[in-house]
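Student: mmCIF, C-alpha atoms and all ligand atoms, saved as data-v1.cif, coming up:
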```
data_structure
loop_
_atom_site.label_atom_id
_atom_site.label_comp_id
_atom_site.auth_asym_id
_atom_site.auth_seq_id
_atom_site.Cartn_x
_atom_site.Cartn_y
_atom_site.Cartn_z
CA MET A 715 36.85 28.44 -62.31
CA ALA A 716 40.06 30.08 -61.14
CA ALA A 717 42.68 30.31 -63.86
CA PRO A 718 46.32 30.55 -62.94
CA GLU A 719 47.37 34.14 -62.42
CA GLN A 720 51.08 34.50 -62.89
CA ALA A 721 52.44 34.84 -66.40
CA ILE A 722 53.31 31.40 -67.72
CA ALA A 723 55.50 32.38 -70.65
CA PRO A 724 57.29 35.65 -71.40
CA ASP A 725 55.27 38.20 -73.41
CA ARG A 726 57.64 37.68 -76.31
CA LEU A 727 56.69 33.98 -76.61
CA ARG A 728 53.02 34.67 -75.97
CA ASP A 729 52.94 37.09 -78.93
CA GLU A 730 54.92 34.66 -81.06
CA VAL A 731 52.62 31.69 -80.44
CA ARG A 732 49.48 33.80 -80.92
CA GLU A 733 50.63 35.10 -84.29
CA LEU A 734 51.94 31.72 -85.46
CA THR A 735 48.57 30.13 -84.62
CA ARG A 736 46.75 32.80 -86.63
CA GLU A 737 49.08 32.36 -89.61
CA LEU A 738 48.60 28.59 -89.58
CA ILE A 739 44.80 28.95 -89.44
CA ARG A 740 44.95 31.18 -92.54
CA ILE A 741 46.46 28.28 -94.51
CA ASP A 742 43.39 26.23 -95.37
CA THR A 743 44.35 22.58 -94.87
CA SER A 744 40.81 21.18 -94.81
CA ASN A 745 41.02 17.43 -95.25
CA PRO A 746 39.91 16.39 -97.80
CA PRO A 747 41.89 17.35 -99.79
CA GLY A 748 44.41 18.47 -97.13
CA ARG A 749 47.15 20.10 -99.21
CA GLU A 750 49.21 20.30 -96.04
CA SER A 751 52.48 21.03 -97.90
CA VAL A 752 51.66 24.76 -97.82
CA ALA A 753 51.49 24.67 -94.01
CA ALA A 754 54.65 22.54 -93.79
CA GLU A 755 56.54 24.98 -96.05
CA PHE A 756 55.35 27.95 -94.02
CA LEU A 757 56.48 26.28 -90.81
CA ALA A 758 59.86 25.46 -92.38
CA GLY A 759 60.26 29.17 -93.12
CA TYR A 760 59.43 30.04 -89.51
CA LEU A 761 61.97 27.51 -88.20
CA SER A 762 64.70 28.72 -90.56
CA GLU A 763 64.58 32.06 -88.73
CA ALA A 764 65.49 30.11 -85.59
CA GLY A 765 68.41 28.53 -87.43
CA VAL A 766 66.76 25.15 -88.00
CA GLU A 767 66.73 23.50 -91.39
CA ALA A 768 63.55 21.45 -91.54
CA GLU A 769 62.83 18.62 -93.95
CA LEU A 770 59.56 18.05 -95.79
CA ALA A 771 58.77 14.37 -96.29
CA GLY A 772 56.07 12.13 -97.68
CA PRO A 773 54.94 10.25 -100.78
CA ASP A 774 52.56 12.97 -102.05
CA PRO A 775 54.12 16.36 -102.93
CA GLU A 776 50.89 18.15 -101.96
CA ARG A 777 50.66 16.42 -98.60
CA LEU A 778 54.12 16.62 -97.07
CA SER A 779 54.87 16.47 -93.37
CA LEU A 780 57.55 18.53 -91.64
CA ILE A 781 60.41 16.99 -89.69
CA ALA A 782 62.84 19.13 -87.69
CA ARG A 783 65.44 18.17 -85.15
CA VAL A 784 67.51 19.92 -82.49
CA ALA A 785 70.33 17.59 -81.58
CA GLY A 786 70.83 16.91 -77.89
CA THR A 787 74.03 16.25 -75.99
CA GLY A 788 73.14 12.56 -75.80
CA GLU A 789 72.73 12.65 -72.03
CA GLY A 790 68.96 12.42 -72.01
CA PRO A 791 66.05 10.67 -73.75
CA SER A 792 64.68 11.89 -77.07
CA LEU A 793 61.35 13.72 -77.23
CA MET A 794 59.01 14.18 -80.18
CA LEU A 795 56.64 17.15 -80.24
CA MET A 796 53.84 16.09 -82.57
CA ALA A 797 50.89 17.84 -84.21
CA HIS A 798 48.87 17.23 -87.32
CA THR A 799 48.64 20.04 -89.87
CA ASP A 800 45.30 19.09 -91.43
CA VAL A 801 41.90 20.22 -90.14
CA VAL A 802 38.35 19.08 -90.71
CA PRO A 803 36.35 21.20 -93.19
CA ALA A 804 34.47 24.24 -91.91
CA PRO A 805 31.06 24.55 -93.55
CA ASP A 806 30.21 28.25 -93.09
CA ALA A 807 26.67 27.90 -91.77
CA ASP A 808 27.13 28.46 -88.02
CA TRP A 809 30.38 30.43 -87.94
CA THR A 810 30.20 34.05 -86.74
CA VAL A 811 33.66 34.82 -88.21
CA PRO A 812 35.31 33.59 -91.42
CA PRO A 813 36.83 30.22 -90.39
CA PHE A 814 40.17 30.74 -92.15
CA ALA A 815 40.88 34.35 -91.20
CA GLY A 816 42.69 33.70 -87.92
CA GLU A 817 40.64 36.31 -86.07
CA LEU A 818 41.54 37.54 -82.61
CA ARG A 819 38.73 38.54 -80.24
CA ASP A 820 39.03 39.31 -76.52
CA GLY A 821 42.27 37.40 -76.05
CA ARG A 822 41.03 34.40 -78.00
CA VAL A 823 42.05 33.12 -81.43
CA ILE A 824 39.04 31.93 -83.45
CA GLY A 825 39.25 29.81 -86.57
CA ARG A 826 39.32 26.27 -87.90
CA GLY A 827 42.17 24.44 -86.19
CA ALA A 828 42.47 26.83 -83.20
CA ALA A 829 41.80 23.89 -80.86
CA ASP A 830 42.33 20.89 -83.18
CA MET A 831 45.21 21.46 -83.48
CA LYS A 832 47.03 24.38 -85.06
CA GLY A 833 47.22 26.12 -81.68
CA GLU A 834 49.02 23.11 -80.22
CA LEU A 835 51.18 22.89 -83.33
CA ALA A 836 52.17 26.54 -82.95
CA ALA A 837 52.90 26.10 -79.22
CA ARG A 838 55.15 23.11 -79.87
CA ALA A 839 56.87 24.88 -82.78
CA VAL A 840 57.54 28.00 -80.67
CA ALA A 841 58.97 25.91 -77.81
CA PHE A 842 61.09 24.02 -80.34
CA ALA A 843 62.33 27.27 -81.93
CA GLU A 844 63.11 28.72 -78.50
CA ILE A 845 65.31 25.72 -77.69
CA ALA A 846 66.99 25.98 -81.11
CA ARG A 847 67.71 29.68 -80.54
CA GLY A 848 69.13 29.05 -77.07
CA GLU A 849 72.74 28.61 -76.10
CA ASP A 850 72.36 25.28 -74.30
CA PRO A 851 71.54 22.15 -76.28
CA PRO A 852 68.90 19.88 -74.74
CA ALA A 853 69.98 16.64 -73.04
CA GLY A 854 68.27 14.47 -75.65
CA ASP A 855 67.29 15.07 -79.28
CA VAL A 856 64.09 17.07 -79.71
CA LEU A 857 62.02 16.43 -82.84
CA LEU A 858 59.20 18.51 -84.16
CA LEU A 859 56.88 16.51 -86.36
CA ALA A 860 54.01 18.29 -88.13
CA GLU A 861 52.21 15.49 -89.90
CA SER A 862 49.57 15.45 -92.62
CA ASP A 863 46.35 13.44 -92.90
CA GLU A 864 45.42 12.72 -89.29
CA GLU A 865 41.75 13.62 -89.58
CA ARG A 866 40.98 11.02 -92.23
CA ASN A 867 44.01 8.80 -91.94
CA THR A 868 43.10 6.86 -95.05
CA TYR A 869 45.66 7.83 -97.67
CA ASP A 870 48.89 6.52 -96.10
CA VAL A 871 50.61 9.88 -96.59
CA GLY A 872 51.02 10.98 -92.94
CA MET A 873 52.06 9.11 -89.80
CA SER A 874 51.43 5.61 -91.15
CA TRP A 875 53.90 6.32 -93.97
CA LEU A 876 56.43 8.18 -91.79
CA MET A 877 56.58 5.48 -89.14
CA ARG A 878 57.02 2.76 -91.74
CA GLU A 879 59.59 4.55 -93.93
CA ARG A 880 61.58 6.60 -91.45
CA ALA A 881 63.24 4.58 -88.70
CA ASP A 882 65.21 7.71 -87.74
CA LEU A 883 62.03 9.18 -86.26
CA ARG A 884 62.16 6.77 -83.32
CA CYS A 885 61.87 8.69 -80.03
CA ASP A 886 61.69 7.69 -76.39
CA TYR A 887 58.85 10.10 -75.61
CA ALA A 888 56.19 12.00 -77.50
CA LEU A 889 53.69 14.75 -76.70
CA ASN A 890 50.56 14.88 -78.83
CA GLU A 891 46.88 15.86 -78.68
CA GLY A 892 44.05 14.33 -76.66
CA GLY A 893 44.29 15.64 -73.08
CA GLY A 894 44.95 18.65 -70.91
CA ILE A 895 41.47 19.93 -70.10
CA LEU A 896 40.71 21.16 -66.61
CA LEU A 897 37.59 19.71 -64.96
CA GLU A 898 36.10 20.94 -61.71
CA LEU A 899 34.46 17.91 -60.13
CA ALA A 900 31.25 17.71 -58.12
CA GLY A 901 33.10 17.73 -54.79
CA GLY A 902 35.20 20.76 -55.72
CA ARG A 903 38.30 18.73 -56.65
CA ARG A 904 40.07 19.71 -59.83
CA VAL A 905 41.58 17.30 -62.33
CA VAL A 906 43.37 17.76 -65.62
CA THR A 907 43.06 14.97 -68.18
CA ILE A 908 46.03 13.33 -69.85
CA SER A 909 45.45 10.79 -72.60
CA ILE A 910 47.56 7.68 -72.11
CA GLY A 911 46.04 5.49 -74.81
CA GLU A 912 43.40 5.05 -77.44
CA LYS A 913 40.72 2.52 -78.15
CA GLN A 914 40.88 0.24 -81.16
CA VAL A 915 38.65 1.08 -84.10
CA ALA A 916 36.94 -1.26 -86.53
CA SER A 917 33.83 -1.29 -88.65
CA LEU A 918 31.67 -4.33 -89.13
CA ARG A 919 28.66 -5.57 -91.01
CA LEU A 920 25.89 -7.60 -89.47
CA ARG A 921 23.86 -9.38 -92.12
CA PHE A 922 20.34 -10.66 -91.48
CA HIS A 923 18.63 -13.01 -93.91
CA GLY A 924 14.94 -13.19 -94.83
CA ARG A 925 12.94 -14.24 -97.83
CA ALA A 926 12.41 -12.00 -100.82
CA GLY A 927 8.82 -11.35 -101.77
CA HIS A 928 6.48 -8.94 -103.50
CA ALA A 929 5.85 -5.93 -101.32
CA SER A 930 2.26 -5.67 -102.62
CA VAL A 931 1.35 -8.74 -100.56
CA PRO A 932 3.08 -8.04 -97.24
CA ALA A 933 0.89 -10.17 -95.01
CA GLY A 934 2.72 -13.30 -93.89
CA ALA A 935 6.00 -12.35 -95.60
CA ASP A 936 9.25 -12.89 -93.72
CA ASN A 937 10.33 -9.23 -93.76
CA VAL A 938 13.97 -9.13 -92.67
CA LEU A 939 13.78 -5.41 -91.89
CA ALA A 940 11.82 -6.19 -88.75
CA ARG A 941 14.74 -8.32 -87.47
CA ALA A 942 17.31 -5.72 -88.52
CA ALA A 943 15.36 -2.99 -86.72
CA ASP A 944 15.10 -5.17 -83.61
CA ALA A 945 18.85 -5.81 -83.78
CA VAL A 946 19.58 -2.07 -83.97
CA ARG A 947 17.43 -1.41 -80.90
CA ARG A 948 19.13 -4.20 -78.94
CA LEU A 949 22.64 -3.07 -79.89
CA LEU A 950 21.83 0.46 -78.76
CA SER A 951 20.56 -0.65 -75.38
CA HIS A 952 23.18 -3.29 -74.57
CA ASP A 953 26.22 -2.12 -72.57
CA ALA A 954 29.41 -4.18 -72.57
CA PRO A 955 30.78 -4.82 -69.07
CA ALA A 956 33.10 -2.07 -67.79
CA ARG A 957 36.80 -2.90 -67.63
CA LEU A 958 39.40 -0.89 -65.75
CA THR A 959 43.09 -1.03 -66.58
CA PRO A 960 45.30 -0.82 -63.48
CA ALA A 961 46.26 2.78 -64.34
CA ILE A 962 42.65 3.91 -64.73
CA ALA A 963 41.56 1.97 -61.62
CA ALA A 964 44.27 3.66 -59.56
CA ALA A 965 43.35 7.10 -60.90
CA LEU A 966 39.64 6.65 -60.19
CA GLU A 967 40.38 5.29 -56.73
CA GLY A 968 42.54 8.35 -56.10
CA LEU A 969 39.52 10.52 -56.89
CA GLY A 970 37.40 8.57 -54.41
CA ALA A 971 35.62 6.13 -56.72
CA PRO A 972 34.47 2.87 -55.06
CA VAL A 973 36.82 0.69 -57.14
CA ALA A 974 36.70 -2.13 -54.57
CA ALA A 975 32.96 -2.43 -55.24
CA GLY A 976 33.70 -3.29 -58.88
CA ALA A 977 34.30 -1.62 -62.20
CA GLU A 978 30.62 -0.83 -62.81
CA ALA A 979 30.26 1.01 -59.51
CA ALA A 980 33.50 2.93 -60.08
CA VAL A 981 32.47 3.97 -63.60
CA GLU A 982 29.04 5.06 -62.45
CA TRP A 983 30.55 7.13 -59.66
CA ALA A 984 33.13 8.79 -61.94
CA ALA A 985 30.51 9.54 -64.59
CA GLY A 986 28.56 11.47 -61.97
CA GLN A 987 31.46 13.77 -61.14
CA HIS A 988 31.40 15.96 -64.25
CA PRO A 989 29.34 16.24 -67.46
CA VAL A 990 32.48 15.60 -69.54
CA LEU A 991 33.27 12.47 -67.53
CA ALA A 992 29.65 11.31 -67.93
CA GLY A 993 30.38 10.65 -71.59
CA MET A 994 34.09 9.94 -71.42
CA VAL A 995 34.39 7.40 -68.60
CA PRO A 996 31.80 4.89 -69.86
CA ALA A 997 33.25 5.17 -73.40
CA MET A 998 36.82 4.60 -72.26
CA THR A 999 35.99 1.57 -70.11
CA ARG A 1000 33.65 -0.36 -72.39
CA LEU A 1001 33.73 -1.95 -75.81
CA THR A 1002 31.10 -0.33 -78.02
CA VAL A 1003 29.33 -1.54 -81.16
CA THR A 1004 27.23 1.31 -82.52
CA PRO A 1005 24.91 0.96 -85.53
CA THR A 1006 25.66 3.73 -88.00
CA GLY A 1007 24.08 2.50 -91.22
CA LEU A 1008 21.42 0.30 -92.77
CA LYS A 1009 21.69 -1.19 -96.22
CA THR A 1010 19.35 -3.39 -98.11
CA HIS A 1011 18.17 -4.44 -101.49
CA GLU A 1012 16.29 -2.18 -103.89
CA PRO A 1013 13.79 -1.55 -105.52
CA ALA A 1014 11.09 -0.44 -103.12
CA ASN A 1015 8.50 -2.94 -104.32
CA VAL A 1016 10.59 -5.96 -103.21
CA ILE A 1017 10.72 -7.31 -99.68
CA PRO A 1018 14.49 -7.76 -99.52
CA PRO A 1019 16.30 -11.10 -99.13
CA PHE A 1020 18.71 -9.64 -96.59
CA ALA A 1021 19.49 -6.48 -94.62
CA ASP A 1022 22.87 -5.23 -93.45
CA VAL A 1023 23.45 -3.20 -90.30
CA ILE A 1024 26.77 -1.35 -90.50
CA CYS A 1025 28.40 -0.67 -87.12
CA ASP A 1026 31.25 1.37 -85.73
CA CYS A 1027 33.19 -0.68 -83.21
CA ARG A 1028 35.57 0.58 -80.52
CA ALA A 1029 37.45 -1.96 -78.44
CA LEU A 1030 39.68 -1.39 -75.43
CA PRO A 1031 43.45 -1.85 -75.72
CA GLY A 1032 44.07 -5.62 -75.45
CA GLN A 1033 40.65 -6.76 -76.63
CA GLY A 1034 40.19 -8.78 -79.83
CA LEU A 1035 37.66 -10.01 -82.35
CA ASP A 1036 36.41 -12.64 -79.86
CA ASP A 1037 35.33 -9.88 -77.49
CA VAL A 1038 33.50 -8.11 -80.31
CA CYS A 1039 31.68 -11.29 -81.40
CA GLU A 1040 30.74 -12.13 -77.82
CA HIS A 1041 29.35 -8.64 -77.27
CA VAL A 1042 27.25 -8.83 -80.44
CA GLU A 1043 26.00 -12.36 -79.55
CA ARG A 1044 24.83 -11.15 -76.17
CA ALA A 1045 23.25 -8.00 -77.49
CA LEU A 1046 21.33 -9.81 -80.24
CA ASP A 1047 20.29 -12.62 -77.90
CA GLY A 1048 19.41 -15.29 -80.46
CA ILE A 1049 18.71 -13.14 -83.54
CA GLU A 1050 20.47 -15.04 -86.30
CA HIS A 1051 23.16 -13.01 -88.03
CA GLU A 1052 26.46 -13.11 -89.90
CA LEU A 1053 29.23 -10.86 -88.66
CA GLU A 1054 31.92 -9.59 -91.01
CA LEU A 1055 34.68 -7.12 -90.21
CA LEU A 1056 34.79 -4.44 -92.92
CA GLU A 1057 37.99 -3.02 -91.47
CA PRO A 1058 40.14 -4.90 -88.95
CA LEU A 1059 40.64 -3.66 -85.40
CA THR A 1060 43.42 -1.07 -85.52
CA GLY A 1061 45.02 1.20 -82.97
CA GLY A 1062 44.37 0.55 -79.35
CA THR A 1063 47.78 1.17 -77.87
CA ALA A 1064 48.50 2.66 -74.45
CA SER A 1065 51.53 3.96 -72.55
CA ALA A 1066 52.53 3.33 -68.96
CA ILE A 1067 52.19 6.22 -66.53
CA ASP A 1068 55.20 5.48 -64.37
CA THR A 1069 57.51 7.57 -66.58
CA PRO A 1070 59.54 10.78 -66.37
CA LEU A 1071 57.36 12.53 -68.99
CA TYR A 1072 54.20 11.75 -67.00
CA ARG A 1073 55.87 13.24 -63.93
CA VAL A 1074 56.75 16.38 -65.90
CA CYS A 1075 53.06 16.84 -66.80
CA GLU A 1076 52.08 16.10 -63.19
CA GLU A 1077 54.55 18.67 -61.89
CA HIS A 1078 53.28 21.28 -64.35
CA VAL A 1079 49.69 20.79 -63.20
CA ARG A 1080 50.53 20.83 -59.49
CA GLU A 1081 52.60 23.97 -59.84
CA ARG A 1082 50.18 25.86 -62.04
CA LEU A 1083 46.94 24.75 -60.37
CA PRO A 1084 47.63 23.99 -56.72
CA GLY A 1085 45.50 21.09 -55.52
CA ALA A 1086 44.73 19.79 -59.00
CA GLU A 1087 45.74 16.29 -60.10
CA LEU A 1088 46.30 14.56 -63.41
CA LEU A 1089 43.58 12.16 -64.51
CA PRO A 1090 44.75 9.55 -67.04
CA VAL A 1091 42.13 8.84 -69.70
CA VAL A 1092 41.84 6.59 -72.75
CA THR A 1093 40.74 8.46 -75.86
CA PRO A 1094 37.68 6.82 -77.45
CA GLY A 1095 38.75 8.14 -80.87
CA PHE A 1096 41.97 7.76 -82.81
CA THR A 1097 45.09 9.92 -82.66
CA ASP A 1098 48.52 9.68 -84.25
CA SER A 1099 50.00 8.67 -80.88
CA HIS A 1100 49.08 5.14 -81.89
CA TRP A 1101 51.64 5.13 -84.72
CA VAL A 1102 54.63 6.09 -82.56
CA ARG A 1103 53.68 3.58 -79.86
CA ALA A 1104 53.16 0.78 -82.38
CA ALA A 1105 56.31 1.48 -84.43
CA HIS A 1106 58.85 2.13 -81.70
CA GLY A 1107 57.29 1.58 -78.30
CA THR A 1108 57.45 5.35 -77.74
CA VAL A 1109 55.80 6.56 -74.54
CA ALA A 1110 53.23 8.99 -75.96
CA TYR A 1111 50.71 11.15 -74.13
CA GLY A 1112 48.01 13.49 -75.31
CA PHE A 1113 48.60 16.56 -73.19
CA ALA A 1114 48.20 20.25 -74.00
CA PRO A 1115 47.04 22.27 -70.99
CA VAL A 1116 43.77 24.16 -71.48
CA PHE A 1117 43.20 26.03 -68.22
CA SER A 1118 41.68 29.29 -69.46
CA THR A 1119 39.39 28.63 -72.46
CA PRO A 1120 35.88 27.73 -71.18
CA LEU A 1121 35.23 24.02 -71.78
CA ASP A 1122 32.09 24.58 -73.84
CA VAL A 1123 34.02 26.92 -76.14
CA TYR A 1124 36.99 24.58 -76.44
CA LEU A 1125 35.16 21.27 -76.84
CA GLY A 1126 32.20 22.74 -78.76
CA GLY A 1127 34.49 24.27 -81.38
CA MET A 1128 36.40 21.11 -82.18
CA HIS A 1129 35.01 19.91 -85.52
CA GLY A 1130 32.21 22.48 -84.86
CA ALA A 1131 31.67 26.20 -85.50
CA ASP A 1132 33.64 29.11 -83.96
CA GLU A 1133 36.54 26.89 -82.91
CA ALA A 1134 38.64 28.90 -80.47
CA ILE A 1135 41.48 28.91 -77.99
CA ASP A 1136 42.57 31.52 -75.44
CA VAL A 1137 45.97 33.06 -76.03
CA ALA A 1138 46.67 32.29 -72.35
CA ASP A 1139 46.36 28.58 -73.16
CA LEU A 1140 48.66 28.85 -76.16
CA ALA A 1141 51.23 30.34 -73.78
CA GLU A 1142 50.53 27.58 -71.25
CA MET A 1143 51.09 24.89 -73.91
CA THR A 1144 54.33 26.55 -74.97
CA ALA A 1145 55.54 26.60 -71.37
CA LEU A 1146 54.63 22.92 -70.88
CA SER A 1147 56.62 21.92 -73.96
CA LEU A 1148 59.61 23.93 -72.79
CA ARG A 1149 59.37 22.31 -69.37
CA ALA A 1150 59.28 18.84 -70.94
CA ILE A 1151 62.32 19.55 -73.11
CA ARG A 1152 64.30 21.00 -70.23
CA SER A 1153 63.24 18.50 -67.56
CA LEU A 1154 63.69 15.21 -69.42
CA GLY A 1155 67.17 13.98 -68.70
CA ALA A 1156 67.91 16.88 -66.36
ZN ZN A 1201 43.30 16.49 -83.86
#
```
How does the structure come out when it is put into structure tokens?
Tutor:
Amino acid sequence: MAAPEQAIAPDRLRDEVRELTRELIRIDTSNPPGRESVAAEFLAGYLSEAGVEAELAGPDPERLSLIARVAGTGEGPSLMLMAHTDVVPAPDADWTVPPFAGELRDGRVIGRGAADMKGELAARAVAFAEIARGEDPPAGDVLLLAESDEERNTYDVGMSWLMRERADLRCDYALNEGGGILLELAGGRRVVTISIGEKQVASLRLRFHGRAGHASVPAGADNVLARAADAVRRLLSHDAPARLTPAIAAALEGLGAPVAAGAEAAVEWAAGQHPVLAGMVPAMTRLTVTPTGLKTHEPANVIPPFADVICDCRALPGQGLDDVCEHVERALDGIEHELELLEPLTGGTASAIDTPLYRVCEEHVRERLPGAELLPVVTPGFTDSHWVRAAHGTVAYGFAPVFSTPLDVYLGGMHGADEAIDVADLAEMTALSLRAIRSLGA
């Protein structure tokens, strides 16, 4: 795969973003417990050298987020550069380097958070500092937000708290994680993903009833586990119908997918274009209900009166509980059950693509990788982009260009071992952020 050749950012910024990434990796913010304040304080120190006084905010002194602002002239829209400071834990087993040492090997930074997402955080912070150091103020306000508790998102100390308590964080646009990978398709075309939305997340319990009995006399008993096991098999093999939003339909059609032949045909075609799309496209166009747990009654010598199948549920933006119930009804095809939501559907917001920030990303890709196009995708998981869209209608995209790091290294390291990012990509991300700041409102 041909990587862009010309230097994307000056050597000075490339060195700065590389070293800042390594420093951030060395601050262990594994969540739980997080303890992101140490990273936020370190970042505040870095920004103070660029003349910016950052604020640390949040309800838990050990889990503060960083907020910094460069005031614009008021002639352009405001832009938030976002990144979470926490990382998932790094059990040592498969790592070939210490995960929190910030090692550098063959032009690649290796360590927990290199890809998710201390590298992106460093790139956005360096671009932000560069603007702060410069003579010319940006057209609109630029905010840097380094938030805590994204990976677990259960303690109300990060974005959920900030968006509820701090109306001053409202921005027109935001750049966050979730897209930017370069895919070389079957026909030789190249696309770069940009995340424009996320699916909704819920968890639910399906309860199946039977009749309790003594396990020593199993013959003729109504053993509910048989029905629960059947239900699990049916849920796993039942696909919800594919649904294409207008933006995704247009993007797939642009690639050559037979959209006129229907959503199913278009999804099947797109899934065949690249191994990454084989997983991503079906997930981003269908509601999913995936069994992830089985619970029943103990002790072992009792045939239980009921069995619960716990499921992870991901719905498309715009879908509701009715769609979930209908999907489960169809999958179970007559197996009697009770459905209860353990957590309500949350998230599931999306941004339009007809916007100046989208065009900035598009321009960056076309200029850096001639012939390549942006491919809008919906992230099957959750990101903090949801909070800014829901609170203020902010147009938020997941976009951090990864043109140099091999995909298996980049994607395999996220939440896995030997997480890594090429220094070339850190420079690329820095350049993209600078372009966004300078282009919006220009
Ligand atoms: Zn992340």
Student: Give me the residues near Ala841 in chain A as an MDAnalysis selection string, where near means some atom within 7 Å (using only C-alpha atoms) and where sequence neighbours in that chain fewer than 4 positions away do not count.
Tutor: chainID A and resid 837 845 1144 1147:1148
Student: Identify, counting all atoms listed in the file, the protein, DNA and RNA residues located within 9 Å of ligand ZN 1201 (chain A), and give them as a PyMOL selection string.
Tutor: chain A and resi 797-802+827+829-832+864-865+890-892+1096-1098+1128
Student: Write the residues of the preceding selection, restricted to C-alpha atoms, as a PDB file, in the frame of the given file.
Tutor:
```pdb
ATOM      1  CA  ALA A 797      50.890  17.840 -84.210  1.00  0.00           C
ATOM      2  CA  HIS A 798      48.870  17.230 -87.320  1.00  0.00           C
ATOM      3  CA  THR A 799      48.640  20.040 -89.870  1.00  0.00           C
ATOM      4  CA  ASP A 800      45.300  19.090 -91.430  1.00  0.00           C
ATOM      5  CA  VAL A 801      41.900  20.220 -90.140  1.00  0.00           C
ATOM      6  CA  VAL A 802      38.350  19.080 -90.710  1.00  0.00           C
ATOM      7  CA  GLY A 827      42.170  24.440 -86.190  1.00  0.00           C
ATOM      8  CA  ALA A 829      41.800  23.890 -80.860  1.00  0.00           C
ATOM      9  CA  ASP A 830      42.330  20.890 -83.180  1.00  0.00           C
ATOM     10  CA  MET A 831      45.210  21.460 -83.480  1.00  0.00           C
ATOM     11  CA  LYS A 832      47.030  24.380 -85.060  1.00  0.00           C
ATOM     12  CA  GLU A 864      45.420  12.720 -89.290  1.00  0.00           C
ATOM     13  CA  GLU A 865      41.750  13.620 -89.580  1.00  0.00           C
ATOM     14  CA  ASN A 890      50.560  14.880 -78.830  1.00  0.00           C
ATOM     15  CA  GLU A 891      46.880  15.860 -78.680  1.00  0.00           C
ATOM     16  CA  GLY A 892      44.050  14.330 -76.660  1.00  0.00           C
ATOM     17  CA  PHE A1096      41.970   7.760 -82.810  1.00  0.00           C
ATOM     18  CA  THR A1097      45.090   9.920 -82.660  1.00  0.00           C
ATOM     19  CA  ASP A1098      48.520   9.680 -84.250  1.00  0.00           C
ATOM     20  CA  MET A1128      36.400  21.110 -82.180  1.00  0.00           C
TER      21      MET A1128
END
```
Student: Could you tell me which of A:Gly1034, A:Gly901, A:Gly825, A:Gly924 comes closest to Trp809 in chain A if we count only C-alpha atoms?
Tutor: A:Gly825
Student: Env of Leu939 in chain A: 12 Å cut, atoms = all atoms listed in the file, seq-sep filter 5 positions within chain, self excluded. Answer as a list in words.
Tutor: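 These residues fall inside the cut-off: Arg921, Phe922, His923, Gly924, Arg925, Ala926, Asp944, Ala945, Val946, Leu1008, Lys1009, Thr1010, His1011, Val1016, Ile1017, Pro1018, Pro1019, Phe1020, Ala1021, Asp1022 and Val1023 of chain A.
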Student: Next, dump the selected residues to file, keeping only C-alpha atoms, as an mmCIF file, in the coordinates of the input.
Tutor:
```
data_model
loop_
_atom_site.group_PDB
_atom_site.id
_atom_site.type_symbol
_atom_site.label_atom_id
_atom_site.label_comp_id
_atom_site.auth_asym_id
_atom_site.auth_seq_id
_atom_site.Cartn_x
_atom_site.Cartn_y
_atom_site.Cartn_z
ATOM 1 C CA ARG A 921 23.860 -9.380 -92.120
ATOM 2 C CA PHE A 922 20.340 -10.660 -91.480
ATOM 3 C CA HIS A 923 18.630 -13.010 -93.910
ATOM 4 C CA GLY A 924 14.940 -13.190 -94.830
ATOM 5 C CA ARG A 925 12.940 -14.240 -97.830
ATOM 6 C CA ALA A 926 12.410 -12.000 -100.820
ATOM 7 C CA ASP A 944 15.100 -5.170 -83.610
ATOM 8 C CA ALA A 945 18.850 -5.810 -83.780
ATOM 9 C CA VAL A 946 19.580 -2.070 -83.970
ATOM 10 C CA LEU A 1008 21.420 0.300 -92.770
ATOM 11 C CA LYS A 1009 21.690 -1.190 -96.220
ATOM 12 C CA THR A 1010 19.350 -3.390 -98.110
ATOM 13 C CA HIS A 1011 18.170 -4.440 -101.490
ATOM 14 C CA VAL A 1016 10.590 -5.960 -103.210
ATOM 15 C CA ILE A 1017 10.720 -7.310 -99.680
ATOM 16 C CA PRO A 1018 14.490 -7.760 -99.520
ATOM 17 C CA PRO A 1019 16.300 -11.100 -99.130
ATOM 18 C CA PHE A 1020 18.710 -9.640 -96.590
ATOM 19 C CA ALA A 1021 19.490 -6.480 -94.620
ATOM 20 C CA ASP A 1022 22.870 -5.230 -93.450
ATOM 21 C CA VAL A 1023 23.450 -3.200 -90.300
#
```
Student: Near Tyr760 in chain A, counting all atoms listed in the file, which residues have an atom at most 10 Å away, once you skip same-chain residues fewer than 5 positions from it, shown as a list in words?
Tutor: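 Listed by chain and then number, they are Leu734, Ala754, Glu755, Gly765, Val766, Glu767, Ala768, Ala839, Val840 and Ala843 of chain A.
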Student: As an exercise, work out the distance from CA of Glu789 in chain A to CA of Tyr887 in chain A in Å and give it to one decimal place.
Tutor: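 Going from CA of Glu789 in chain A over to CA of Tyr887 in chain A covers 14.6 Å.
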Student: Restricting the calculation to all atoms listed in the file: of A:Ala900, A:Val871, A:Ala1114, A:Leu835, which residue gets closest to Val990 in chain A?
Tutor: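 Closest to Val990 in chain A of all the choices is A:Ala900.
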Student: Using all atoms listed in the file for the distances, tell me which of A:Pro791, A:Gly1126, A:Gly1155, A:Pro724 is nearest to Arg884 in chain A.
Tutor: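 Checking each candidate against Arg884 in chain A, we get A:Pro791 as the closest.
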